[in-house]
Structures are given as structure tokens and as C-alpha cells.
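Chemist: The file below is entry.txt, compact mmCIF, C-alpha atoms:
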```
# COMPACT_ATOMS: atom_id res chain seq x y z
CA MET N 730 -3.91 -7.78 -23.32
CA ARG N 731 -4.57 -4.28 -22.05
CA LEU N 732 -6.50 -3.41 -18.90
CA ASP N 733 -7.87 0.10 -18.46
CA PRO N 734 -6.78 1.55 -15.09
CA LEU N 735 -9.72 3.98 -15.10
CA SER N 736 -12.36 1.23 -15.25
CA LEU N 737 -11.64 -0.50 -11.94
CA PRO N 738 -12.85 -2.92 -10.57
CA VAL N 739 -12.08 -5.37 -13.34
CA ARG N 740 -12.13 -9.18 -13.61
CA PHE N 741 -9.93 -11.17 -15.97
CA ASP N 742 -8.16 -14.50 -16.37
CA ALA N 743 -4.38 -14.88 -16.43
CA HIS N 744 -2.01 -17.72 -17.16
CA ASP N 745 -0.86 -19.73 -14.12
CA SER N 746 1.29 -22.78 -14.83
CA ARG N 747 0.75 -24.37 -11.40
CA ALA N 748 -3.04 -23.97 -11.30
CA ASP N 749 -5.47 -26.61 -12.53
CA GLY N 750 -6.39 -25.78 -16.11
CA GLY N 751 -3.49 -23.30 -16.32
CA LEU N 752 -5.71 -20.29 -15.41
CA ARG N 753 -6.36 -18.11 -12.42
CA HIS N 754 -9.17 -15.59 -12.03
CA ILE N 755 -8.17 -12.13 -10.86
CA GLU N 756 -10.36 -9.34 -9.48
CA LEU N 757 -8.52 -6.04 -9.43
CA HIS N 758 -9.85 -3.21 -7.23
CA ARG N 759 -8.24 0.07 -6.20
CA GLU N 760 -7.46 -1.12 -2.68
CA ARG N 761 -7.30 -4.92 -3.02
CA VAL N 762 -6.65 -7.82 -5.38
CA VAL N 763 -8.46 -11.16 -5.19
CA LEU N 764 -6.81 -14.18 -6.84
CA ARG N 765 -8.84 -17.35 -7.34
CA ARG N 766 -7.41 -20.63 -8.61
CA ALA N 767 -7.67 -24.37 -8.13
CA LEU N 768 -4.61 -26.33 -7.13
CA HIS N 769 -4.87 -30.15 -7.22
CA GLY N 770 -8.64 -29.91 -7.00
CA MET N 771 -8.66 -27.53 -4.03
CA GLN N 772 -10.26 -24.14 -4.64
CA MET N 773 -8.34 -21.25 -3.12
CA SER N 774 -8.94 -17.54 -2.92
CA VAL N 775 -6.24 -15.06 -1.87
CA ASN N 776 -7.14 -11.50 -0.89
CA VAL N 777 -4.13 -9.15 -1.03
CA ARG N 778 -4.04 -5.42 -0.29
CA VAL N 779 -2.60 -3.28 -3.08
CA SER N 780 -0.26 -1.65 -0.56
CA ASP N 781 1.40 -5.06 -0.04
CA PHE N 782 2.71 -5.01 -3.62
CA LEU N 783 6.19 -3.64 -4.31
CA GLY N 784 5.26 -1.54 -7.34
CA VAL N 785 4.48 -1.52 -11.05
CA ALA N 786 7.30 -3.00 -13.11
CA LEU N 787 8.16 -3.04 -16.77
CA ARG N 788 9.35 -6.37 -18.13
CA GLY N 789 10.67 -7.00 -21.58
CA LEU N 790 9.35 -9.83 -23.74
CA ASP N 791 10.68 -10.95 -27.13
CA ASP N 792 8.96 -8.30 -29.25
CA ALA N 793 6.83 -6.44 -26.68
CA GLN N 794 6.85 -4.94 -23.21
CA MET N 795 4.73 -6.10 -20.29
CA LEU N 796 3.52 -4.19 -17.22
CA VAL N 797 3.12 -6.22 -14.04
CA LEU N 798 2.05 -5.54 -10.48
CA VAL N 799 5.01 -7.00 -8.57
CA HIS N 800 4.67 -8.82 -5.25
CA ARG N 801 7.42 -10.31 -3.07
CA ASP N 802 5.96 -13.71 -3.82
CA PRO N 803 6.39 -14.26 -7.58
CA SER N 804 3.23 -16.38 -7.76
CA LEU N 805 1.18 -13.31 -6.73
CA THR N 806 2.60 -11.04 -9.46
CA ILE N 807 -0.20 -9.83 -11.77
CA PRO N 808 0.08 -8.88 -15.48
CA LEU N 809 -1.56 -5.56 -16.34
CA CYS N 810 -0.70 -4.74 -19.93
CA VAL N 811 1.19 -6.19 -22.88
CA SER N 812 2.05 -4.01 -25.86
CA SER N 813 4.75 -3.42 -28.45
CA ASP N 814 4.11 0.35 -28.54
CA ALA N 815 6.64 2.10 -26.27
CA ASP N 816 4.53 5.26 -25.84
CA GLU N 817 1.44 3.29 -24.86
CA ILE N 818 3.42 1.29 -22.31
CA ALA N 819 4.98 4.44 -20.83
CA THR N 820 1.62 6.17 -20.31
CA ALA N 821 0.00 3.00 -18.92
CA TRP N 822 2.96 2.49 -16.58
CA GLN N 823 2.53 5.98 -15.14
CA MET N 824 -1.28 5.67 -14.87
CA TRP N 825 -1.14 2.32 -12.99
CA SER N 826 1.48 3.73 -10.65
CA ASP N 827 -0.63 6.82 -9.91
CA ILE N 828 -3.87 4.89 -9.36
CA PHE N 829 -2.33 2.36 -6.96
CA ALA N 830 0.08 4.90 -5.37
CA LEU N 831 2.94 2.48 -5.93
CA PRO N 832 6.45 3.25 -7.23
CA LEU N 833 7.62 2.64 -10.77
CA LEU N 834 10.06 -0.25 -10.80
CA PRO N 835 12.64 -0.44 -13.60
CA GLN N 836 13.16 -3.43 -15.84
CA ASP N 837 14.36 -6.54 -14.09
CA LYS N 838 18.12 -6.70 -14.17
CA PRO N 839 20.19 -9.55 -12.77
CA ARG N 840 20.97 -8.63 -9.20
CA GLU N 841 24.38 -9.09 -7.68
CA PRO N 842 24.40 -11.19 -4.53
CA ALA N 843 24.47 -9.21 -1.31
CA ALA N 844 27.73 -9.07 0.60
CA ARG N 845 28.01 -11.69 3.30
CA ARG N 846 27.12 -10.31 6.68
CA ARG N 847 29.46 -10.84 9.53
CA ARG N 848 27.87 -12.77 12.34
CA HIS N 849 28.43 -11.79 15.92
CA ASN N 850 28.39 -14.55 18.48
CA ALA N 851 25.68 -13.53 20.91
CA ILE N 852 26.39 -16.31 23.40
CA ARG N 853 30.12 -15.79 23.64
CA THR N 854 29.72 -13.33 26.52
CA ARG N 855 27.34 -15.54 28.49
CA ARG N 856 28.34 -17.96 31.21
CA PRO N 857 29.09 -21.53 30.16
CA LYS N 858 26.17 -23.92 30.24
CA PHE N 859 27.34 -25.96 33.21
CA LEU N 860 27.88 -22.81 35.28
CA VAL N 861 24.37 -21.61 34.56
CA ARG N 862 22.92 -24.77 36.09
CA ARG N 863 24.97 -24.49 39.28
CA ARG N 864 23.77 -22.37 42.13
CA GLY N 865 26.08 -19.59 43.17
CA GLY N 866 27.44 -19.60 46.71
CA ASP N 867 26.03 -17.35 49.39
CA LEU N 868 29.01 -15.46 50.81
CA LEU N 869 27.00 -13.24 53.10
CA ASN N 870 25.56 -16.05 55.23
CA PRO N 871 27.11 -15.58 58.73
CA ALA N 872 26.83 -19.30 59.52
CA ASN N 873 29.47 -20.08 56.93
CA LEU N 874 31.95 -17.37 57.98
CA HIS N 875 34.55 -18.19 60.62
CA GLN N 876 36.61 -15.13 61.40
CA GLY N 877 39.19 -14.82 64.15
CA GLU N 878 39.02 -18.51 65.08
CA ARG N 879 41.55 -21.25 64.82
CA GLU N 880 39.70 -24.37 63.98
CA ILE N 881 41.21 -27.78 64.10
CA ILE N 882 39.55 -30.61 62.27
CA ALA N 883 40.47 -34.10 63.30
CA ARG N 884 39.73 -36.99 61.02
CA ASP N 885 39.45 -40.55 62.33
```
With the file now loaded, output its structure as C-alpha cells.

Modeler:
Amino acid sequence: MRLDPLSLPVRFDAHDSRADGGLRHIELHRERVVLRRALHGMQMSVNVRVSDFLGVALRGLDDAQMLVLVHRDPSLTIPLCVSSDADEIATAWQMWSDIFALPLLPQDKPREPAARRRRHNAIRTRRPKFLVRRRGGDLLNPANLHQGEREIIARD
């Protein structure tokens, strides 16, 4: 499989293991990509801007190399070219990157897990829940202030 980046727009079928019939139909334009497939009898069409893709990546197969348009969602990743010729893959990789104005992504390598982030307790500095429900006292109300008086309270 080899798509020509200079002859866009182009329509082709690609393998999709989750789609009905195992195929999805792809329309590739300079500014957008339209994916059509059927899933459990329901026809769906997804329109994705090319700028939403991460870049053009090179993936290694058993005896060949494969160029793909990589999206954050792996089900939206699109194959562009498969070849065993290293020079052909290198020129196609650069051409697809230039046409879509997307970066060249290196071969997929196993990523190390990110370091665990330290969580900060945002509610620690707030008032406790039962104090939030209570109304605060009004200390400036002159009816409640008794200054300079000696008051005696007698209880029966």
C-alpha cells in the first residue's frame, strides 16, 4: 500500500478489526479526514481535522516499515504507506509531514511510566463542614453588648 501525498484528496479502504466486515472507508484531504465504518449495524462517519493529529509516525513491521497518521485515539490512526525500501519510506515520511504541517514522530518505543504526582489537599485549609453550615455570630450588634453593667440573673 502506498498513497501519493501529491494526489489529495484520496479515498481508500483500511483494515479495522472492530468494524463490521473488518473495513473502514477513509477520505483523506489536506485539511480534514473522514472515516466511515459500520459498527454492529450502525453506520458512523467521523470528520477529524488534520491539525488534531499528533504527527506522522514510522512503525516497524516484520519485514517492512509503515507510515501512519497518529491520533490520540488509536482507533483514529490512519495508515499511509507500507514499504520495505528504507529510502522510499524516508522520502514519503518527509512529504506527508510537509503536506499536513505535522511533526515527524520517531518509531514507537516502550514508554516509561510517568512519575507519580504529589497531590495537594485543596480542602485542608477550608473550614470544617459543620462550621460552614453554622451562621457566624454578629459581634457588632449593640443589643447583645452589655458594657459597664453588673447584671444578676436569678433562676427559679

Chemist: Which neighbours of N:Arg740 fall inside 12 Å, counting all atoms listed in the file, when residues of the same chain fewer than 5 positions from it are skipped, and could you give them as number ranges by chain?

Modeler: N: 732-733, 753-758, 762-765, 809

Chemist: Determine, counting all atoms listed in the file, which protein, DNA and RNA residues have an atom within 10 Å of an atom of N:Ala821; residues of the same chain fewer than 2 positions away are not included. Present the result as a list in words.

Modeler: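 Result of the neighbour search: Arg731, Leu732, Asp733, Pro734, Leu796, Leu809, Cys810, Ala815, Asp816, Glu817, Ile818, Ala819, Gln823, Met824, Trp825, Ser826 and Asp827 of chain N.
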
Chemist: If I take atom CA of N:Ser774 and atom CA of N:Asp802, how far is one from the other in Å, to one decimal?

Modeler: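 Straight-line distance from atom CA of N:Ser774 to atom CA of N:Asp802 works out to 15.4 Å.
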
Chemist: In the coordinates of the file, take the point (-3.2, -23.5, -10.5) and a cut-off of 12 Å; then, counting all atoms listed in the file, name each qualifying protein, DNA or RNA residue as a list of chain:residue names.

Modeler: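 Those within range, by chain then number, are N:Asp742, N:Ala743, N:His744, N:Asp745, N:Ser746, N:Arg747, N:Ala748, N:Asp749, N:Gly750, N:Gly751, N:Leu752, N:Arg753, N:His754, N:Leu764, N:Arg765, N:Arg766, N:Ala767, N:Leu768, N:His769, N:Gly770, N:Met771, N:Gln772, N:Met773, N:Ser774, N:Ser804, N:Leu805.
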
Chemist: If I take atom CA of N:Phe782 and atom CA of N:Arg759, how far is one from the other in Å, to one decimal?

Modeler: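 Spanning atom CA of N:Phe782 to atom CA of N:Arg759 is a straight-line distance of 12.3 Å.
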